[in-house]
Amino acid sequence: MQEKTKEMDSALTNNMEEYRTQKKAREKRLMAYAEEIQKNTLQMSSALIAELVAERKYQKKTQQDIADITGILPANIARFENGSRVPTLVVLQKYASALGKRIKVELCDQEAK
């Protein structure tokens, strides 16, 4: 009877270790996937932000002008313009609207890598 209990305890321990190993591997894959999504999002939003900033400068508006029109704090505008923050779609839409523009959102297939 004791022998069987030891075997069951050993099997349970092995199962727990295997579970922990697989869990760590899943977490690592998920983290890599999340980092890739974040990188792609930053790249796409950076291009849009650059267009918005260029338009703001073309219209000779300051960050303070945009802040006054949109109600977004000037510091927050500066943060997303310099790339230290990723703005939400609502913020981007407000910014574009302050410039007399709109943002068009499309759902597209990802390009194959």
# chains A, B, ... in the order shown; residues from 1 in each chain; ligands from 1
>>> select_by_dssp(residues="stretch 59-100 of chain A", states="helix (DSSP H, G or I)", output="list in words")
Gln63, Gln64, Asp65, Ile66, Ala67, Asp68, Ile69, Thr70, Pro74, Ala75, Asn76, Ile77, Ala78, Arg79, Phe80, Glu81, Leu89, Val90, Val91, Leu92, Gln93, Lys94, Tyr95, Ala96, Ser97 and Ala98 of chain A
>>> residues_around(residues="stretch 71-79 of chain A", least_positions_apart="4", cutoff="10 Å", atoms="only C-alpha atoms", output="list of chain:residue names")
A:Thr62, A:Gln63, A:Gln64, A:Asp65, A:Ile66, A:Ala67, A:Gly83, A:Ser84, A:Arg85, A:Val86, A:Pro87, A:Val91, A:Leu92, A:Lys94, A:Tyr95
>>> write_last_selection(atoms="C-alpha atoms", output="PDB file, in the first residue's frame")
ATOM      1  CA  THR A  62       0.925  74.696 -31.859  1.00  0.00           C
ATOM      2  CA  GLN A  63       0.465  71.825 -29.457  1.00  0.00           C
ATOM      3  CA  GLN A  64      -1.269  74.349 -27.186  1.00  0.00           C
ATOM      4  CA  ASP A  65      -3.711  75.200 -29.996  1.00  0.00           C
ATOM      5  CA  ILE A  66      -4.574  71.513 -30.384  1.00  0.00           C
ATOM      6  CA  ALA A  67      -4.907  71.173 -26.612  1.00  0.00           C
ATOM      7  CA  GLY A  83       6.565  58.665 -29.304  1.00  0.00           C
ATOM      8  CA  SER A  84       6.707  58.075 -25.571  1.00  0.00           C
ATOM      9  CA  ARG A  85       2.987  57.206 -25.442  1.00  0.00           C
ATOM     10  CA  VAL A  86       0.616  55.433 -27.797  1.00  0.00           C
ATOM     11  CA  PRO A  87      -2.597  57.445 -28.050  1.00  0.00           C
ATOM     12  CA  VAL A  91      -7.404  60.880 -28.964  1.00  0.00           C
ATOM     13  CA  LEU A  92      -6.194  60.532 -32.542  1.00  0.00           C
ATOM     14  CA  LYS A  94      -9.892  64.442 -31.615  1.00  0.00           C
ATOM     15  CA  TYR A  95      -6.472  65.585 -32.827  1.00  0.00           C
TER      16      TYR A  95
END
>>> atom_distance(atom1="atom CA of A:Glu81", atom2="atom CA of A:Leu52")
8.8 Å
>>> atom_distance(atom1="atom CA of A:Ile69", atom2="atom CA of A:Ala98")
6.1 Å
>>> decode(residues="stretch 87-98 of chain A", atoms="all heavy atoms", output="mmCIF file, in the first residue's frame")
data_model
loop_
_atom_site.group_PDB
_atom_site.id
_atom_site.type_symbol
_atom_site.label_atom_id
_atom_site.label_comp_id
_atom_site.auth_asym_id
_atom_site.auth_seq_id
_atom_site.Cartn_x
_atom_site.Cartn_y
_atom_site.Cartn_z
ATOM 1 N N PRO A 87 -1.273 56.880 -28.318
ATOM 2 C CA PRO A 87 -2.597 57.445 -28.050
ATOM 3 C C PRO A 87 -3.712 56.478 -28.422
ATOM 4 O O PRO A 87 -3.527 55.595 -29.258
ATOM 5 C CB PRO A 87 -2.633 58.684 -28.950
ATOM 6 C CG PRO A 87 -1.725 58.347 -30.076
ATOM 7 C CD PRO A 87 -0.641 57.480 -29.479
ATOM 8 N N THR A 88 -4.855 56.676 -27.819
ATOM 9 C CA THR A 88 -6.020 55.877 -28.182
ATOM 10 C C THR A 88 -6.585 56.401 -29.496
ATOM 11 O O THR A 88 -6.262 57.513 -29.939
ATOM 12 C CB THR A 88 -7.117 55.965 -27.101
ATOM 13 O OG1 THR A 88 -7.588 57.320 -27.038
ATOM 14 C CG2 THR A 88 -6.613 55.502 -25.739
ATOM 15 N N LEU A 89 -7.451 55.622 -30.091
ATOM 16 C CA LEU A 89 -8.100 56.043 -31.324
ATOM 17 C C LEU A 89 -8.922 57.308 -31.101
ATOM 18 O O LEU A 89 -8.945 58.211 -31.939
ATOM 19 C CB LEU A 89 -8.978 54.917 -31.876
ATOM 20 C CG LEU A 89 -9.704 55.201 -33.177
ATOM 21 C CD1 LEU A 89 -8.733 55.590 -34.284
ATOM 22 C CD2 LEU A 89 -10.524 53.993 -33.592
ATOM 23 N N VAL A 90 -9.580 57.417 -29.959
ATOM 24 C CA VAL A 90 -10.379 58.596 -29.647
ATOM 25 C C VAL A 90 -9.496 59.844 -29.625
ATOM 26 O O VAL A 90 -9.862 60.888 -30.175
ATOM 27 C CB VAL A 90 -11.125 58.424 -28.297
ATOM 28 C CG1 VAL A 90 -11.781 59.724 -27.857
ATOM 29 C CG2 VAL A 90 -12.148 57.309 -28.393
ATOM 30 N N VAL A 91 -8.325 59.747 -29.016
ATOM 31 C CA VAL A 91 -7.404 60.880 -28.964
ATOM 32 C C VAL A 91 -6.941 61.259 -30.366
ATOM 33 O O VAL A 91 -6.903 62.438 -30.725
ATOM 34 C CB VAL A 91 -6.195 60.566 -28.042
ATOM 35 C CG1 VAL A 91 -5.093 61.602 -28.192
ATOM 36 C CG2 VAL A 91 -6.659 60.478 -26.593
ATOM 37 N N LEU A 92 -6.610 60.255 -31.168
ATOM 38 C CA LEU A 92 -6.194 60.532 -32.542
ATOM 39 C C LEU A 92 -7.320 61.198 -33.334
ATOM 40 O O LEU A 92 -7.077 62.127 -34.121
ATOM 41 C CB LEU A 92 -5.749 59.246 -33.235
ATOM 42 C CG LEU A 92 -4.446 58.637 -32.727
ATOM 43 C CD1 LEU A 92 -4.227 57.274 -33.357
ATOM 44 C CD2 LEU A 92 -3.273 59.553 -32.995
ATOM 45 N N GLN A 93 -8.547 60.744 -33.122
ATOM 46 C CA GLN A 93 -9.685 61.339 -33.819
ATOM 47 C C GLN A 93 -9.902 62.793 -33.388
ATOM 48 O O GLN A 93 -10.186 63.660 -34.217
ATOM 49 C CB GLN A 93 -10.944 60.506 -33.589
ATOM 50 C CG GLN A 93 -10.916 59.186 -34.328
ATOM 51 C CD GLN A 93 -12.083 58.275 -33.978
ATOM 52 O OE1 GLN A 93 -12.556 58.264 -32.853
ATOM 53 N NE2 GLN A 93 -12.532 57.507 -34.948
ATOM 54 N N LYS A 94 -9.761 63.067 -32.103
ATOM 55 C CA LYS A 94 -9.892 64.442 -31.615
ATOM 56 C C LYS A 94 -8.820 65.336 -32.245
ATOM 57 O O LYS A 94 -9.102 66.454 -32.672
ATOM 58 C CB LYS A 94 -9.760 64.490 -30.085
ATOM 59 C CG LYS A 94 -10.954 64.004 -29.331
ATOM 60 C CD LYS A 94 -10.690 64.138 -27.838
ATOM 61 C CE LYS A 94 -11.865 63.723 -27.000
ATOM 62 N NZ LYS A 94 -11.597 63.903 -25.554
ATOM 63 N N TYR A 95 -7.598 64.832 -32.262
ATOM 64 C CA TYR A 95 -6.472 65.585 -32.827
ATOM 65 C C TYR A 95 -6.738 65.878 -34.300
ATOM 66 O O TYR A 95 -6.605 67.029 -34.746
ATOM 67 C CB TYR A 95 -5.195 64.755 -32.661
ATOM 68 C CG TYR A 95 -3.905 65.475 -32.943
ATOM 69 C CD1 TYR A 95 -3.009 65.742 -31.931
ATOM 70 C CD2 TYR A 95 -3.548 65.848 -34.233
ATOM 71 C CE1 TYR A 95 -1.802 66.372 -32.190
ATOM 72 C CE2 TYR A 95 -2.348 66.482 -34.499
ATOM 73 C CZ TYR A 95 -1.477 66.742 -33.473
ATOM 74 O OH TYR A 95 -0.287 67.365 -33.725
ATOM 75 N N ALA A 96 -7.123 64.867 -35.050
ATOM 76 C CA ALA A 96 -7.394 65.040 -36.479
ATOM 77 C C ALA A 96 -8.538 66.031 -36.685
ATOM 78 O O ALA A 96 -8.473 66.899 -37.568
ATOM 79 C CB ALA A 96 -7.721 63.696 -37.123
ATOM 80 N N SER A 97 -9.569 65.933 -35.875
ATOM 81 C CA SER A 97 -10.716 66.828 -35.980
ATOM 82 C C SER A 97 -10.295 68.276 -35.743
ATOM 83 O O SER A 97 -10.793 69.187 -36.408
ATOM 84 C CB SER A 97 -11.788 66.402 -34.978
ATOM 85 O OG SER A 97 -12.908 67.228 -35.092
ATOM 86 N N ALA A 98 -9.399 68.499 -34.824
ATOM 87 C CA ALA A 98 -8.900 69.849 -34.547
ATOM 88 C C ALA A 98 -8.182 70.431 -35.758
ATOM 89 O O ALA A 98 -8.060 71.642 -35.892
ATOM 90 C CB ALA A 98 -7.967 69.824 -33.333
#
